[in-house]
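Below is work-v6.tsv, holding TSV, C-alpha atoms and all ligand atoms.
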```tsv
chain	number	residue	atom	x	y	z
A	20	MET	CA	0.00	0.00	0.00
A	21	SER	CA	1.63	3.28	-1.01
A	22	ARG	CA	1.36	6.47	1.02
A	23	ASN	CA	1.64	9.96	-0.42
A	24	SER	CA	3.40	11.82	2.35
A	25	PRO	CA	6.76	10.41	3.39
A	26	PRO	CA	7.77	10.88	7.03
A	27	ARG	CA	10.34	13.58	7.83
A	28	PHE	CA	13.10	12.33	10.08
A	29	ASP	CA	14.10	15.00	12.57
A	30	ASP	CA	17.49	15.70	14.17
A	31	ALA	CA	16.63	13.70	17.28
A	32	PHE	CA	15.87	10.67	15.13
A	33	ALA	CA	19.08	11.19	13.14
A	34	ALA	CA	21.07	11.23	16.39
A	35	GLN	CA	19.34	8.07	17.60
A	36	PHE	CA	19.95	6.39	14.27
A	37	ALA	CA	23.66	7.19	14.56
A	38	GLU	CA	23.57	5.63	18.04
A	39	LEU	CA	21.87	2.56	16.65
A	40	LEU	CA	24.62	2.11	14.07
A	41	SER	CA	27.37	2.44	16.63
A	42	TRP	CA	25.69	0.09	19.13
A	43	ARG	CA	24.86	-2.65	16.62
A	44	ARG	CA	27.16	-5.42	17.79
A	45	ASP	CA	27.86	-8.99	16.80
A	46	VAL	CA	26.64	-10.78	19.92
A	47	ARG	CA	27.95	-14.18	21.05
A	48	ARG	CA	26.86	-14.11	24.69
A	49	PHE	CA	23.13	-14.54	25.17
A	50	ARG	CA	20.65	-14.99	27.93
A	51	ARG	CA	18.72	-18.20	27.42
A	52	ASP	CA	15.21	-16.86	27.98
A	53	ALA	CA	12.86	-16.94	25.01
A	54	LEU	CA	11.95	-13.87	22.98
A	55	PRO	CA	8.35	-12.67	23.14
A	56	GLU	CA	5.90	-14.39	20.82
A	57	GLY	CA	5.81	-12.75	17.39
A	58	LEU	CA	8.95	-10.65	17.79
A	59	VAL	CA	11.10	-12.63	15.35
A	60	GLU	CA	8.31	-12.53	12.76
A	61	ARG	CA	8.13	-8.74	13.15
A	62	LEU	CA	11.91	-8.36	12.75
A	63	LEU	CA	11.93	-10.60	9.68
A	64	ALA	CA	9.12	-8.54	8.13
A	65	GLN	CA	11.25	-5.42	8.65
A	66	ALA	CA	14.30	-7.16	7.20
A	67	GLU	CA	12.29	-8.02	4.11
A	68	LEU	CA	11.80	-4.32	3.35
A	69	SER	CA	15.45	-4.32	2.30
A	70	PRO	CA	16.61	-3.90	-1.30
A	71	SER	CA	17.22	-6.85	-3.60
A	72	VAL	CA	18.50	-7.13	-7.15
A	73	GLY	CA	15.55	-6.90	-9.58
A	74	HIS	CA	13.27	-7.09	-6.51
A	75	SER	CA	14.08	-10.80	-6.45
A	76	GLN	CA	13.77	-11.10	-2.65
A	77	PRO	CA	15.86	-14.31	-2.69
A	78	TRP	CA	16.22	-14.58	1.11
A	79	ARG	CA	14.97	-17.75	2.77
A	80	TRP	CA	14.91	-17.79	6.57
A	81	VAL	CA	14.86	-21.16	8.31
A	82	ARG	CA	14.16	-20.97	12.04
A	83	VAL	CA	15.90	-24.01	13.46
A	84	SER	CA	14.31	-25.36	16.62
A	85	ASP	CA	14.97	-29.08	16.19
A	86	GLU	CA	17.69	-30.09	18.67
A	87	ALA	CA	19.29	-32.68	16.35
A	88	GLN	CA	19.58	-30.09	13.58
A	89	ARG	CA	21.03	-27.54	15.99
A	90	GLU	CA	23.55	-30.10	17.22
A	91	ALA	CA	24.58	-30.92	13.63
A	92	ALA	CA	25.35	-27.24	13.09
A	93	ARG	CA	27.25	-27.00	16.37
A	94	ALA	CA	29.29	-30.08	15.43
A	95	SER	CA	30.14	-28.43	12.13
A	96	PHE	CA	31.25	-25.30	14.00
A	97	ARG	CA	33.48	-27.39	16.30
A	98	ARG	CA	35.18	-29.04	13.32
A	99	CYS	CA	35.72	-25.76	11.45
A	100	ASN	CA	36.87	-23.94	14.54
A	101	ALA	CA	39.43	-26.66	15.34
A	102	ASP	CA	40.74	-26.47	11.76
A	103	ALA	CA	40.93	-22.67	11.99
A	104	LEU	CA	42.86	-22.90	15.25
A	105	ASP	CA	45.37	-25.24	13.57
A	106	ASP	CA	46.14	-22.49	11.05
A	107	TYR	CA	47.39	-20.13	13.77
A	108	GLU	CA	50.55	-20.36	15.79
A	109	GLY	CA	51.95	-19.11	19.08
A	110	GLU	CA	50.32	-16.12	20.72
A	111	ARG	CA	47.74	-15.73	17.92
A	112	ALA	CA	46.67	-19.36	18.36
A	113	ARG	CA	46.36	-18.85	22.11
A	114	LEU	CA	44.25	-15.74	21.56
A	115	TYR	CA	42.08	-17.44	18.91
A	116	ALA	CA	41.40	-20.33	21.29
A	117	SER	CA	40.20	-17.86	23.92
A	118	LEU	CA	37.64	-16.18	21.64
A	119	LYS	CA	33.96	-16.96	21.83
A	120	LEU	CA	32.86	-17.08	18.21
A	121	GLU	CA	29.26	-18.25	18.44
A	122	GLY	CA	26.22	-18.38	20.70
A	123	MET	CA	24.76	-21.50	19.14
A	124	ARG	CA	23.93	-23.21	22.41
A	125	GLU	CA	22.63	-20.27	24.42
A	126	ALA	CA	20.69	-18.12	21.95
A	127	PRO	CA	17.01	-19.08	22.05
A	128	GLU	CA	16.55	-18.45	18.32
A	129	GLN	CA	18.75	-19.91	15.62
A	130	ILE	CA	18.07	-18.84	12.05
A	131	ALA	CA	19.81	-20.28	9.00
A	132	VAL	CA	19.65	-17.82	6.12
A	133	PHE	CA	19.83	-18.95	2.52
A	134	CYS	CA	19.84	-17.42	-0.94
A	135	ASP	CA	17.46	-19.14	-3.35
A	136	HIS	CA	19.41	-19.40	-6.59
A	137	ALA	CA	16.42	-20.95	-8.35
A	138	THR	CA	14.06	-18.06	-7.77
A	139	ALA	CA	12.30	-16.81	-10.88
A	140	ARG	CA	11.30	-13.63	-9.10
A	141	GLY	CA	12.82	-10.55	-10.73
A	142	HIS	CA	13.22	-12.37	-14.08
A	143	GLY	CA	16.98	-12.08	-13.78
A	144	LEU	CA	16.91	-8.26	-13.88
A	145	GLY	CA	20.22	-6.72	-12.78
A	146	ARG	CA	22.17	-9.91	-12.32
A	147	ARG	CA	23.01	-11.09	-15.84
A	148	THR	CA	26.62	-9.94	-15.58
A	149	MET	CA	26.83	-10.00	-11.77
A	150	PRO	CA	24.98	-13.11	-10.55
A	151	GLU	CA	26.55	-12.64	-7.13
A	152	THR	CA	24.15	-9.74	-6.56
A	153	LEU	CA	21.56	-12.34	-5.57
A	154	ASP	CA	23.75	-13.29	-2.58
A	155	TYR	CA	24.45	-9.61	-1.86
A	156	SER	CA	20.69	-9.05	-1.60
A	157	VAL	CA	20.49	-11.58	1.20
A	158	VAL	CA	23.43	-9.98	3.01
A	159	ALA	CA	21.66	-6.61	2.78
A	160	ALA	CA	18.53	-8.12	4.35
A	161	ILE	CA	20.58	-9.66	7.15
A	162	THR	CA	22.10	-6.26	7.94
A	163	GLN	CA	18.61	-4.80	8.10
A	164	PHE	CA	17.51	-7.64	10.40
A	165	TRP	CA	20.53	-6.92	12.61
A	166	LEU	CA	19.57	-3.25	12.96
A	167	ALA	CA	15.87	-3.94	13.47
A	168	ALA	CA	16.78	-6.44	16.18
A	169	ARG	CA	19.00	-3.92	17.94
A	170	VAL	CA	16.17	-1.38	18.01
A	171	ALA	CA	14.17	-4.00	19.94
A	172	GLY	CA	17.13	-4.63	22.27
A	173	VAL	CA	17.72	-8.04	20.67
A	174	GLY	CA	21.24	-9.24	19.89
A	175	VAL	CA	22.29	-11.00	16.69
A	176	GLY	CA	25.45	-13.02	16.09
A	177	TRP	CA	26.50	-14.07	12.60
A	178	VAL	CA	28.23	-17.47	12.44
A	179	SER	CA	30.16	-18.37	9.30
A	180	ILE	CA	32.61	-20.87	10.78
A	181	LEU	CA	30.54	-23.71	9.35
A	182	GLU	CA	30.52	-26.23	6.52
A	183	PRO	CA	27.64	-25.14	4.26
A	184	GLU	CA	27.16	-28.73	3.00
A	185	ALA	CA	26.78	-30.07	6.53
A	186	VAL	CA	24.22	-27.40	7.43
A	187	CYS	CA	22.25	-27.87	4.20
A	188	GLU	CA	22.23	-31.64	4.70
A	189	ALA	CA	21.09	-31.37	8.33
A	190	LEU	CA	18.27	-29.01	7.37
A	191	GLY	CA	17.33	-30.83	4.15
A	192	THR	CA	17.24	-27.62	2.13
A	193	PRO	CA	16.81	-27.62	-1.68
A	194	PRO	CA	20.10	-27.91	-3.60
A	195	GLU	CA	19.60	-24.44	-5.12
A	196	TRP	CA	19.65	-22.78	-1.72
A	197	LYS	CA	23.05	-21.39	-0.77
A	198	LEU	CA	23.87	-20.89	2.90
A	199	ILE	CA	24.63	-17.22	3.58
A	200	ALA	CA	24.55	-17.07	7.38
A	201	TRP	CA	23.68	-18.81	10.58
A	202	LEU	CA	22.23	-16.25	12.98
A	203	CYS	CA	22.07	-16.60	16.75
A	204	VAL	CA	19.33	-14.36	18.10
A	205	GLY	CA	18.35	-13.49	21.66
A	206	TRP	CA	18.74	-11.04	24.53
A	207	PRO	CA	22.41	-10.03	24.87
A	208	GLU	CA	24.15	-10.80	28.14
A	209	GLU	CA	26.28	-7.68	27.82
A	210	GLU	CA	26.24	-4.53	25.72
A	211	SER	CA	29.10	-2.49	24.32
A	212	ASP	CA	29.72	0.03	21.60
A	213	VAL	CA	33.10	-1.58	20.91
A	214	PRO	CA	33.32	-4.81	18.86
A	215	GLU	CA	34.20	-7.84	20.98
A	216	LEU	CA	37.17	-8.72	18.76
A	217	VAL	CA	38.61	-5.27	19.37
A	218	ARG	CA	38.04	-5.64	23.13
A	219	ALA	CA	39.75	-9.03	23.01
A	220	GLY	CA	42.84	-7.53	21.33
A	221	TRP	CA	42.44	-9.57	18.13
A	222	GLU	CA	43.16	-6.46	16.05
A	223	LYS	CA	46.55	-5.92	17.64
A	224	GLY	CA	49.81	-6.94	16.03
A	225	ARG	CA	50.29	-8.42	12.58
B	301	LIG	C1	29.88	-12.23	6.91
B	301	LIG	C2	30.17	-12.24	8.39
B	301	LIG	C3	30.53	-13.42	9.00
B	301	LIG	C4	30.82	-13.45	10.38
B	301	LIG	N1	31.13	-14.64	10.99
B	301	LIG	C5	31.39	-14.65	12.32
B	301	LIG	C6	31.65	-15.87	13.03
B	301	LIG	O1	31.62	-16.97	12.47
B	301	LIG	N2	31.91	-15.80	14.34
B	301	LIG	C7	31.96	-14.61	15.02
B	301	LIG	O2	32.21	-14.61	16.22
B	301	LIG	N3	31.69	-13.44	14.39
B	301	LIG	C8	31.39	-13.45	13.08
B	301	LIG	N4	31.08	-12.27	12.46
B	301	LIG	C9	31.04	-11.03	13.24
B	301	LIG	C10	32.28	-10.19	13.05
B	301	LIG	O3	33.38	-10.78	13.69
B	301	LIG	C11	31.98	-8.81	13.61
B	301	LIG	O4	30.98	-8.22	12.83
B	301	LIG	C12	33.22	-7.92	13.64
B	301	LIG	O5	34.17	-8.42	14.53
B	301	LIG	C13	32.87	-6.48	14.04
B	301	LIG	O6	32.16	-6.50	15.27
B	301	LIG	P1	30.72	-5.85	15.40
B	301	LIG	O7	29.78	-6.61	14.48
B	301	LIG	O8	30.34	-6.01	16.84
B	301	LIG	O9	30.84	-4.44	14.95
B	301	LIG	C14	30.77	-12.25	11.11
B	301	LIG	C15	30.39	-11.06	10.48
B	301	LIG	C16	30.08	-11.05	9.13
B	301	LIG	C17	29.65	-9.76	8.47
```
Could you quickly redo this structure as structure tokens?
Amino acid sequence: MSRNSPPRFDDAFAAQFAELLSWRRDVRRFRRDALPEGLVERLLAQAELSPSVGHSQPWRWVRVSDEAQREAARASFRRCNADALDDYEGERARLYASLKLEGMREAPEQIAVFCDHATARGHGLGRRTMPETLDYSVVAAITQFWLAARVAGVGVGWVSILEPEAVCEALGTPPEWKLIAWLCVGWPEEESDVPELVRAGWEKGR
């Protein structure tokens, strides 16, 4: 439904929006209590207002509540994380081992996000020479979800230390769906306007 008079965003809103951007954090430490009924649906509806190439809207959100499926994803994380640790040496390996890089056990909501490469929506507009724009559209929607969640005080953590094949197999998704993200969603245990990796000193040194 279109409306004729767009809202005017005042200076107070602009200042709050700037605050929102600087307080949007990747969250790995969650309280375990459930989110209110309907909140995730509302956030996903807001995320789906995001742009997409040719208006293809290729995002597919899979809310994973089955414990066996969640455990399959956690097992994949453990394998990938161990392999990643093997690639580091000395002090950097010690620091990597100390990082918390997911909230897959604690966060009450776990959402696997896919890009549907088989979608006919958009009739291919805009992606003939840059097919990767379909994936970019999903990333844009995830960013919007992240911000919408933060407005509601909800934390989001993006997990990519996973084997896409293992996740797709555990969830039984169609072969044309590409895994873009695994999102942990819930109330944050702590808040900061500084990224956790910066606080942990991961940025320091070479
Ligand atoms: C594509 C992508 C993948 C990410 N994967 C992980 C991950 O597997 N584990 C993790 O702890 N953080 C992950 N992050 C979060 C980043 O580490 C985080 O965004 C960055 O350190 C900056 O912190 P901030 O989001 O709090 O500003 C990912 C972020 C993006 C955009």
Once you add 4 Å to each side, what are the centre and edge lengths of the axis-aligned box holding all listed atoms of ligand LIG 301 (chain B)? One decimal in Å, as lines of an AutoDock Vina configuration file, if you can.
```
center_x = 31.9
center_y = -10.7
center_z = 11.9
size_x = 12.5
size_y = 20.5
size_z = 17.9
```
TODO: Could you report the residues within 10 Å of ligand LIG 301 (chain B), using only C-alpha atoms and all ligand atoms, as an MDAnalysis selection string?
DONE: chainID A and resid 40:47 96 99:100 118:122 158 161:162 165 175:181 199:202 210:218 221:222
Include C-alpha atoms and write out the residues we just selected as a PDB file, in the frame of the given file.
```pdb
ATOM      1  CA  LEU A  40      24.620   2.110  14.070  1.00  0.00           C
ATOM      2  CA  SER A  41      27.370   2.440  16.630  1.00  0.00           C
ATOM      3  CA  TRP A  42      25.690   0.090  19.130  1.00  0.00           C
ATOM      4  CA  ARG A  43      24.860  -2.650  16.620  1.00  0.00           C
ATOM      5  CA  ARG A  44      27.160  -5.420  17.790  1.00  0.00           C
ATOM      6  CA  ASP A  45      27.860  -8.990  16.800  1.00  0.00           C
ATOM      7  CA  VAL A  46      26.640 -10.780  19.920  1.00  0.00           C
ATOM      8  CA  ARG A  47      27.950 -14.180  21.050  1.00  0.00           C
ATOM      9  CA  PHE A  96      31.250 -25.300  14.000  1.00  0.00           C
ATOM     10  CA  CYS A  99      35.720 -25.760  11.450  1.00  0.00           C
ATOM     11  CA  ASN A 100      36.870 -23.940  14.540  1.00  0.00           C
ATOM     12  CA  LEU A 118      37.640 -16.180  21.640  1.00  0.00           C
ATOM     13  CA  LYS A 119      33.960 -16.960  21.830  1.00  0.00           C
ATOM     14  CA  LEU A 120      32.860 -17.080  18.210  1.00  0.00           C
ATOM     15  CA  GLU A 121      29.260 -18.250  18.440  1.00  0.00           C
ATOM     16  CA  GLY A 122      26.220 -18.380  20.700  1.00  0.00           C
ATOM     17  CA  VAL A 158      23.430  -9.980   3.010  1.00  0.00           C
ATOM     18  CA  ILE A 161      20.580  -9.660   7.150  1.00  0.00           C
ATOM     19  CA  THR A 162      22.100  -6.260   7.940  1.00  0.00           C
ATOM     20  CA  TRP A 165      20.530  -6.920  12.610  1.00  0.00           C
ATOM     21  CA  VAL A 175      22.290 -11.000  16.690  1.00  0.00           C
ATOM     22  CA  GLY A 176      25.450 -13.020  16.090  1.00  0.00           C
ATOM     23  CA  TRP A 177      26.500 -14.070  12.600  1.00  0.00           C
ATOM     24  CA  VAL A 178      28.230 -17.470  12.440  1.00  0.00           C
ATOM     25  CA  SER A 179      30.160 -18.370   9.300  1.00  0.00           C
ATOM     26  CA  ILE A 180      32.610 -20.870  10.780  1.00  0.00           C
ATOM     27  CA  LEU A 181      30.540 -23.710   9.350  1.00  0.00           C
ATOM     28  CA  ILE A 199      24.630 -17.220   3.580  1.00  0.00           C
ATOM     29  CA  ALA A 200      24.550 -17.070   7.380  1.00  0.00           C
ATOM     30  CA  TRP A 201      23.680 -18.810  10.580  1.00  0.00           C
ATOM     31  CA  LEU A 202      22.230 -16.250  12.980  1.00  0.00           C
ATOM     32  CA  GLU A 210      26.240  -4.530  25.720  1.00  0.00           C
ATOM     33  CA  SER A 211      29.100  -2.490  24.320  1.00  0.00           C
ATOM     34  CA  ASP A 212      29.720   0.030  21.600  1.00  0.00           C
ATOM     35  CA  VAL A 213      33.100  -1.580  20.910  1.00  0.00           C
ATOM     36  CA  PRO A 214      33.320  -4.810  18.860  1.00  0.00           C
ATOM     37  CA  GLU A 215      34.200  -7.840  20.980  1.00  0.00           C
ATOM     38  CA  LEU A 216      37.170  -8.720  18.760  1.00  0.00           C
ATOM     39  CA  VAL A 217      38.610  -5.270  19.370  1.00  0.00           C
ATOM     40  CA  ARG A 218      38.040  -5.640  23.130  1.00  0.00           C
ATOM     41  CA  TRP A 221      42.440  -9.570  18.130  1.00  0.00           C
ATOM     42  CA  GLU A 222      43.160  -6.460  16.050  1.00  0.00           C
TER      43      GLU A 222
END
```
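Nearest-residue note for Pro193 in chain A: choosing from A:Phe133, A:Phe28, A:Phe49, A:Phe36, the minimum distance belongs to A:Phe133, counting all atoms listed in the file.
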Shell around Ala137 in chain A at 10 Å using only C-alpha atoms, local window under 3 positions removed, as a PyMOL selection string:
chain A and resi 77+134+140+193-196
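As for CA of Pro183 in chain A and CA of Val132 in chain A, they are spaced 11.0 Å apart.
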Please provide the set of residues having any atom within 7 Å of Glu128 in chain A, restricted to all atoms listed in the file, with same-chain residues fewer than 3 positions apart removed, written as a PyMOL selection string. chain A and resi 203-205
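Counting from CA of Ser117 in chain A, the distance to CA of Ile130 in chain A is 25.1 Å.
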In Å and to one decimal, CA of Ala66 in chain A is distant from CA of Ala139 in chain A by 20.6 Å
In the coordinate frame of the file, compute which residues have an atom within 10 Å of (16.2, -12.9, -0.9) when using all atoms listed in the file, and state them as a PDB file with C-alpha atoms, in the frame of the given file.
```pdb
ATOM      1  CA  GLU A  67      12.290  -8.020   4.110  1.00  0.00           C
ATOM      2  CA  SER A  69      15.450  -4.320   2.300  1.00  0.00           C
ATOM      3  CA  PRO A  70      16.610  -3.900  -1.300  1.00  0.00           C
ATOM      4  CA  SER A  71      17.220  -6.850  -3.600  1.00  0.00           C
ATOM      5  CA  VAL A  72      18.500  -7.130  -7.150  1.00  0.00           C
ATOM      6  CA  HIS A  74      13.270  -7.090  -6.510  1.00  0.00           C
ATOM      7  CA  SER A  75      14.080 -10.800  -6.450  1.00  0.00           C
ATOM      8  CA  GLN A  76      13.770 -11.100  -2.650  1.00  0.00           C
ATOM      9  CA  PRO A  77      15.860 -14.310  -2.690  1.00  0.00           C
ATOM     10  CA  TRP A  78      16.220 -14.580   1.110  1.00  0.00           C
ATOM     11  CA  ARG A  79      14.970 -17.750   2.770  1.00  0.00           C
ATOM     12  CA  TRP A  80      14.910 -17.790   6.570  1.00  0.00           C
ATOM     13  CA  VAL A 132      19.650 -17.820   6.120  1.00  0.00           C
ATOM     14  CA  PHE A 133      19.830 -18.950   2.520  1.00  0.00           C
ATOM     15  CA  CYS A 134      19.840 -17.420  -0.940  1.00  0.00           C
ATOM     16  CA  ASP A 135      17.460 -19.140  -3.350  1.00  0.00           C
ATOM     17  CA  HIS A 136      19.410 -19.400  -6.590  1.00  0.00           C
ATOM     18  CA  THR A 138      14.060 -18.060  -7.770  1.00  0.00           C
ATOM     19  CA  ARG A 140      11.300 -13.630  -9.100  1.00  0.00           C
ATOM     20  CA  LEU A 153      21.560 -12.340  -5.570  1.00  0.00           C
ATOM     21  CA  ASP A 154      23.750 -13.290  -2.580  1.00  0.00           C
ATOM     22  CA  TYR A 155      24.450  -9.610  -1.860  1.00  0.00           C
ATOM     23  CA  SER A 156      20.690  -9.050  -1.600  1.00  0.00           C
ATOM     24  CA  VAL A 157      20.490 -11.580   1.200  1.00  0.00           C
ATOM     25  CA  VAL A 158      23.430  -9.980   3.010  1.00  0.00           C
ATOM     26  CA  ALA A 159      21.660  -6.610   2.780  1.00  0.00           C
ATOM     27  CA  ALA A 160      18.530  -8.120   4.350  1.00  0.00           C
ATOM     28  CA  ILE A 161      20.580  -9.660   7.150  1.00  0.00           C
TER      29      ILE A 161
END
```
Check: Any idea what's packed within 8 Å of Arg48 in chain A, counting only C-alpha atoms, ignoring anything in its chain fewer than 4 positions away? Could you give it as a VMD selection string?
Finding: chain A and resid 121 to 122 125 to 126 207 to 209
Missing atoms in range 58-76 of chain A: fill them in up to N, CA, C and O atoms and send the result as a CSV table (one decimal), in the frame of the given file.
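Output (out19.csv):
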```
chain,number,residue,atom,x,y,z
A,58,LEU,N,7.9,-11.7,18.0
A,58,LEU,CA,9.0,-10.6,17.8
A,58,LEU,C,9.8,-11.0,16.6
A,58,LEU,O,10.1,-10.1,15.7
A,59,VAL,N,10.2,-12.3,16.5
A,59,VAL,CA,11.1,-12.6,15.4
A,59,VAL,C,10.4,-12.4,14.0
A,59,VAL,O,11.0,-11.9,13.1
A,60,GLU,N,9.1,-12.7,14.0
A,60,GLU,CA,8.3,-12.5,12.8
A,60,GLU,C,8.3,-11.0,12.4
A,60,GLU,O,8.5,-10.7,11.2
A,61,ARG,N,8.2,-10.2,13.4
A,61,ARG,CA,8.1,-8.7,13.2
A,61,ARG,C,9.5,-8.3,12.6
A,61,ARG,O,9.6,-7.5,11.6
A,62,LEU,N,10.6,-8.8,13.2
A,62,LEU,CA,11.9,-8.4,12.8
A,62,LEU,C,12.2,-8.9,11.3
A,62,LEU,O,12.8,-8.1,10.5
A,63,LEU,N,11.7,-10.1,11.0
A,63,LEU,CA,11.9,-10.6,9.7
A,63,LEU,C,11.1,-9.8,8.7
A,63,LEU,O,11.6,-9.5,7.6
A,64,ALA,N,9.9,-9.4,9.1
A,64,ALA,CA,9.1,-8.5,8.1
A,64,ALA,C,9.8,-7.2,7.9
A,64,ALA,O,9.8,-6.7,6.7
A,65,GLN,N,10.5,-6.7,8.9
A,65,GLN,CA,11.2,-5.4,8.6
A,65,GLN,C,12.5,-5.7,7.8
A,65,GLN,O,12.8,-4.9,6.9
A,66,ALA,N,13.1,-6.8,8.0
A,66,ALA,CA,14.3,-7.2,7.2
A,66,ALA,C,13.9,-7.3,5.7
A,66,ALA,O,14.7,-6.9,4.8
A,67,GLU,N,12.7,-7.8,5.5
A,67,GLU,CA,12.3,-8.0,4.1
A,67,GLU,C,11.9,-6.7,3.4
A,67,GLU,O,11.6,-6.8,2.2
A,68,LEU,N,12.0,-5.6,4.0
A,68,LEU,CA,11.8,-4.3,3.4
A,68,LEU,C,13.1,-3.9,2.7
A,68,LEU,O,13.2,-2.9,2.0
A,69,SER,N,14.1,-4.7,2.8
A,69,SER,CA,15.4,-4.3,2.3
A,69,SER,C,15.5,-4.5,0.8
A,69,SER,O,14.7,-5.1,0.2
A,70,PRO,N,16.5,-3.8,0.2
A,70,PRO,CA,16.6,-3.9,-1.3
A,70,PRO,C,17.0,-5.3,-1.8
A,70,PRO,O,17.7,-6.0,-1.0
A,71,SER,N,16.7,-5.6,-3.0
A,71,SER,CA,17.2,-6.8,-3.6
A,71,SER,C,17.3,-6.7,-5.1
A,71,SER,O,16.5,-5.9,-5.7
A,72,VAL,N,18.3,-7.3,-5.7
A,72,VAL,CA,18.5,-7.1,-7.2
A,72,VAL,C,17.2,-7.5,-7.9
A,72,VAL,O,16.7,-8.6,-7.7
A,73,GLY,N,16.8,-6.6,-8.8
A,73,GLY,CA,15.6,-6.9,-9.6
A,73,GLY,C,14.3,-7.2,-8.7
A,73,GLY,O,13.4,-7.8,-9.2
A,74,HIS,N,14.4,-6.8,-7.5
A,74,HIS,CA,13.3,-7.1,-6.5
A,74,HIS,C,13.0,-8.6,-6.4
A,74,HIS,O,11.9,-9.1,-6.3
A,75,SER,N,14.2,-9.3,-6.4
A,75,SER,CA,14.1,-10.8,-6.4
A,75,SER,C,13.7,-11.4,-5.1
A,75,SER,O,13.3,-12.5,-5.0
A,76,GLN,N,14.0,-10.7,-4.0
A,76,GLN,CA,13.8,-11.1,-2.6
A,76,GLN,C,14.2,-12.6,-2.4
A,76,GLN,O,13.3,-13.4,-2.0
```
